[in-house]
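Single-structure report; data block below.
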Amino acid sequence: MHRVLHVVATDRRRGAELFASSLAGRLAEAGLEQLVAILRPADDATAVAFPAPLAREGRGPLTRAGVARVIRAWRPTLIQAHGGEALSAALPGALARTPLVYRRIGDAPPSISSGWRRAAFGGAVRRCARVVAVAEAIRRQTIELFRVPARHVVTIPNAIDTRAVRPIDRRDARRALGLPTDARVSVQVGALVQEKDPLELLEAVALAMSRRPDVRHVVAGDGPLRRQVEARARAVGIDGRILVLGECRDVPAVLSAADLFVFGANPGSMEGMPASVLEAAACGLPVVATRIAGLEEVVAEGRTGVLVAPGDREGLADAVGTVLDDAALRARMGAAGAAQAGRFDIRAVATRYLDLYGEVTS
């Protein structure tokens, strides 16, 4: 039976960490013994709960040397690194010949796309038994940019627990948020950080709202740019029609209040296949989003949503307005998105990880 050590950067409620928790839960149901090494644990109520024991060295961060000690003491049969920072910390295991599976969750940032950093990162990736890319575009980039043998790179999409993403009654959802029952509502979900470009997304939504006085916008997420988002909303005159919720633990309840999901990202961001988009689709919401690496594999253009080139503020505003103005279009797109949500369910995806673990340990 496999003994899997999961290495994650933090236990914040972010995409990679939430996926790691969901995957660990499904693997536990399959009988796997697991341990979770968190490099920078958070000591507050926002931390993700992992359904497996945690490797600890005191209360501080778990260093690369600390991870190496955990590997020597626990002797996993396989190490699963969730993201690039986790890969760096897990490398001692690969050097000790423990099979290492690296989950590559997004596009390569400019900092590792050329020069010695590209060579160094490529060398680390080539030590992995397998690289899991969350989208086919990321698989191709891994092979071409970092010269990883194609047979060592597989595509397994991001996933959510669709059982936990169930919409509630729209009137109840809006009443809880203080939103008018007859308004048209757009929503974004995610950390307010630079890579998600929340200020540019706000400008586009504000432009669409300026032509539609009944539209409201909900921002579910927190982060270092929150004050700037709130200040910009005041500056463009929509602060009375925008609701910034901060950290949100009940995402389905927020999505249930909306008519449209919007997503933005910087051209150089490390986004790949955001879980928030999968959750929106599972809740039957059409999606208007910036075109990034993995979204074309989730959002079917014109069928489940609209994708817009990065930096095209007018195009994003027009797409938001077009979808909000057409109730029949929203209904068709939402139904089509919900119908394909099963492809991204953690139960199906975990089975593929189990098969992969069998391959690399046999």
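Naming works like this for the structure tokens: A, B, ... for the chains as they're shown, residue 1 at the start of each chain, ligands 1 onward in shown order.
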
Long-range neighbours of Ile168 (chain A) as a list in words, 12 Å cut-off, only C-alpha atoms, 3 positions minimum in chain: Ala164, Val165, Arg171, Asp172, Ala173, Arg174, Arg175, Ala176, Asp250, Val251, Pro252, Ala253, Val254, Leu255, Ser256, Ala257, Ala258, Cys283 and Gly284 of chain A

Just want the 12 Å neighbourhood of Gly315 (chain A), counted on only C-alpha atoms, with same-chain residues fewer than 6 positions away dropped. Output as an MDAnalysis selection string. chainID A and resid 201 203:205 207:208 288:291 306:309 321:322

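Restricting the calculation to only C-alpha atoms, the smallest distance between Cys248 (chain A) and any of A:Asn266, A:Gln228, A:Gln188, A:Ser113 is found for A:Gln188.
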
As a ChimeraX atom specification, please: every residue in region 140-355 of chain A that DSSP puts in strand (DSSP E or B). /A:153-155,160,184-189,215-221,242-246,260-263,272,287-290,301,305-308,345

Please provide as a PDB file with C-alpha atoms, in the first residue's frame all residues within 9 Å of region 81-96 of chain A, with the sequence filter that same-chain residues fewer than 2 positions apart are discarded (counting only C-alpha atoms).
```
ATOM      1  CA  LEU A   5       3.843  12.434   1.556  1.00  0.00           C
ATOM      2  CA  HIS A   6       2.075  15.563   0.305  1.00  0.00           C
ATOM      3  CA  VAL A   7       4.195  18.719   0.265  1.00  0.00           C
ATOM      4  CA  VAL A   8       2.285  22.020   0.048  1.00  0.00           C
ATOM      5  CA  ALA A   9       3.495  25.603   0.330  1.00  0.00           C
ATOM      6  CA  ALA A  16      -3.407  24.342  -4.751  1.00  0.00           C
ATOM      7  CA  GLU A  17      -3.991  23.811  -1.040  1.00  0.00           C
ATOM      8  CA  PHE A  19      -7.035  20.651  -4.149  1.00  0.00           C
ATOM      9  CA  ALA A  20      -4.402  18.905  -2.018  1.00  0.00           C
ATOM     10  CA  ILE A  38       3.160  22.322   5.123  1.00  0.00           C
ATOM     11  CA  LEU A  39       6.076  24.664   4.477  1.00  0.00           C
ATOM     12  CA  THR A  63      12.397  24.225   5.898  1.00  0.00           C
ATOM     13  CA  ARG A  64      13.793  22.191   3.032  1.00  0.00           C
ATOM     14  CA  ALA A  65      16.075  20.480   5.558  1.00  0.00           C
ATOM     15  CA  GLY A  66      13.024  19.789   7.702  1.00  0.00           C
ATOM     16  CA  VAL A  67      11.240  18.151   4.782  1.00  0.00           C
ATOM     17  CA  ALA A  68      14.329  16.014   4.182  1.00  0.00           C
ATOM     18  CA  ILE A  71      11.290  11.943   4.373  1.00  0.00           C
ATOM     19  CA  ARG A  72      14.068  10.040   6.136  1.00  0.00           C
ATOM     20  CA  PRO A  76       7.173   7.456   2.027  1.00  0.00           C
ATOM     21  CA  LEU A  78       5.919   8.381  -3.042  1.00  0.00           C
ATOM     22  CA  ILE A  79       6.072  12.176  -2.657  1.00  0.00           C
ATOM     23  CA  THR A  98      11.789   8.230  -3.705  1.00  0.00           C
ATOM     24  CA  PRO A  99       9.433   8.717  -6.674  1.00  0.00           C
ATOM     25  CA  LEU A 100       8.363  12.363  -6.852  1.00  0.00           C
ATOM     26  CA  VAL A 101       5.187  13.509  -8.606  1.00  0.00           C
ATOM     27  CA  TYR A 102       5.030  17.248  -9.234  1.00  0.00           C
ATOM     28  CA  ARG A 103       1.681  18.894  -9.877  1.00  0.00           C
ATOM     29  CA  ARG A 104       2.243  21.901 -12.135  1.00  0.00           C
ATOM     30  CA  ILE A 105      -0.713  24.198 -11.595  1.00  0.00           C
ATOM     31  CA  GLY A 106      -0.075  27.173 -13.850  1.00  0.00           C
ATOM     32  CA  PHE A 121      13.948  24.789 -12.688  1.00  0.00           C
ATOM     33  CA  ALA A 124      14.471  20.047 -10.886  1.00  0.00           C
ATOM     34  CA  VAL A 125      11.439  19.103 -12.972  1.00  0.00           C
ATOM     35  CA  ARG A 127      14.179  14.699 -11.606  1.00  0.00           C
ATOM     36  CA  CYS A 128      10.479  13.980 -11.090  1.00  0.00           C
ATOM     37  CA  ALA A 129       9.069  10.554 -11.847  1.00  0.00           C
TER      38      ALA A 129
END
```

Can you pull out every residue within 10 Å of Val323 (chain A), counting only C-alpha atoms, but drop anything in the same chain fewer than 5 positions away, and send it as a list in words? Asp259, Leu260, Pro286, Val287, Val288, Gly305, Val306, Asp318, Ala328, Leu329, Arg330, Ala331 and Met333 of chain A

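With only C-alpha atoms taken into account, the protein and nucleic acid residues at most 6 Å from Arg3 (chain A) (excluding it and anything under 3 positions from it in its own chain) are A:Glu33, A:Gln34, A:Pro76, A:Thr77.
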
Where in region 60-266 of chain A does DSSP assign alpha helix (DSSP H), given as an MDAnalysis selection string? chainID A and resid 64:74 84:95 115:126 136:146 170:177 198:210 226:235 251:255
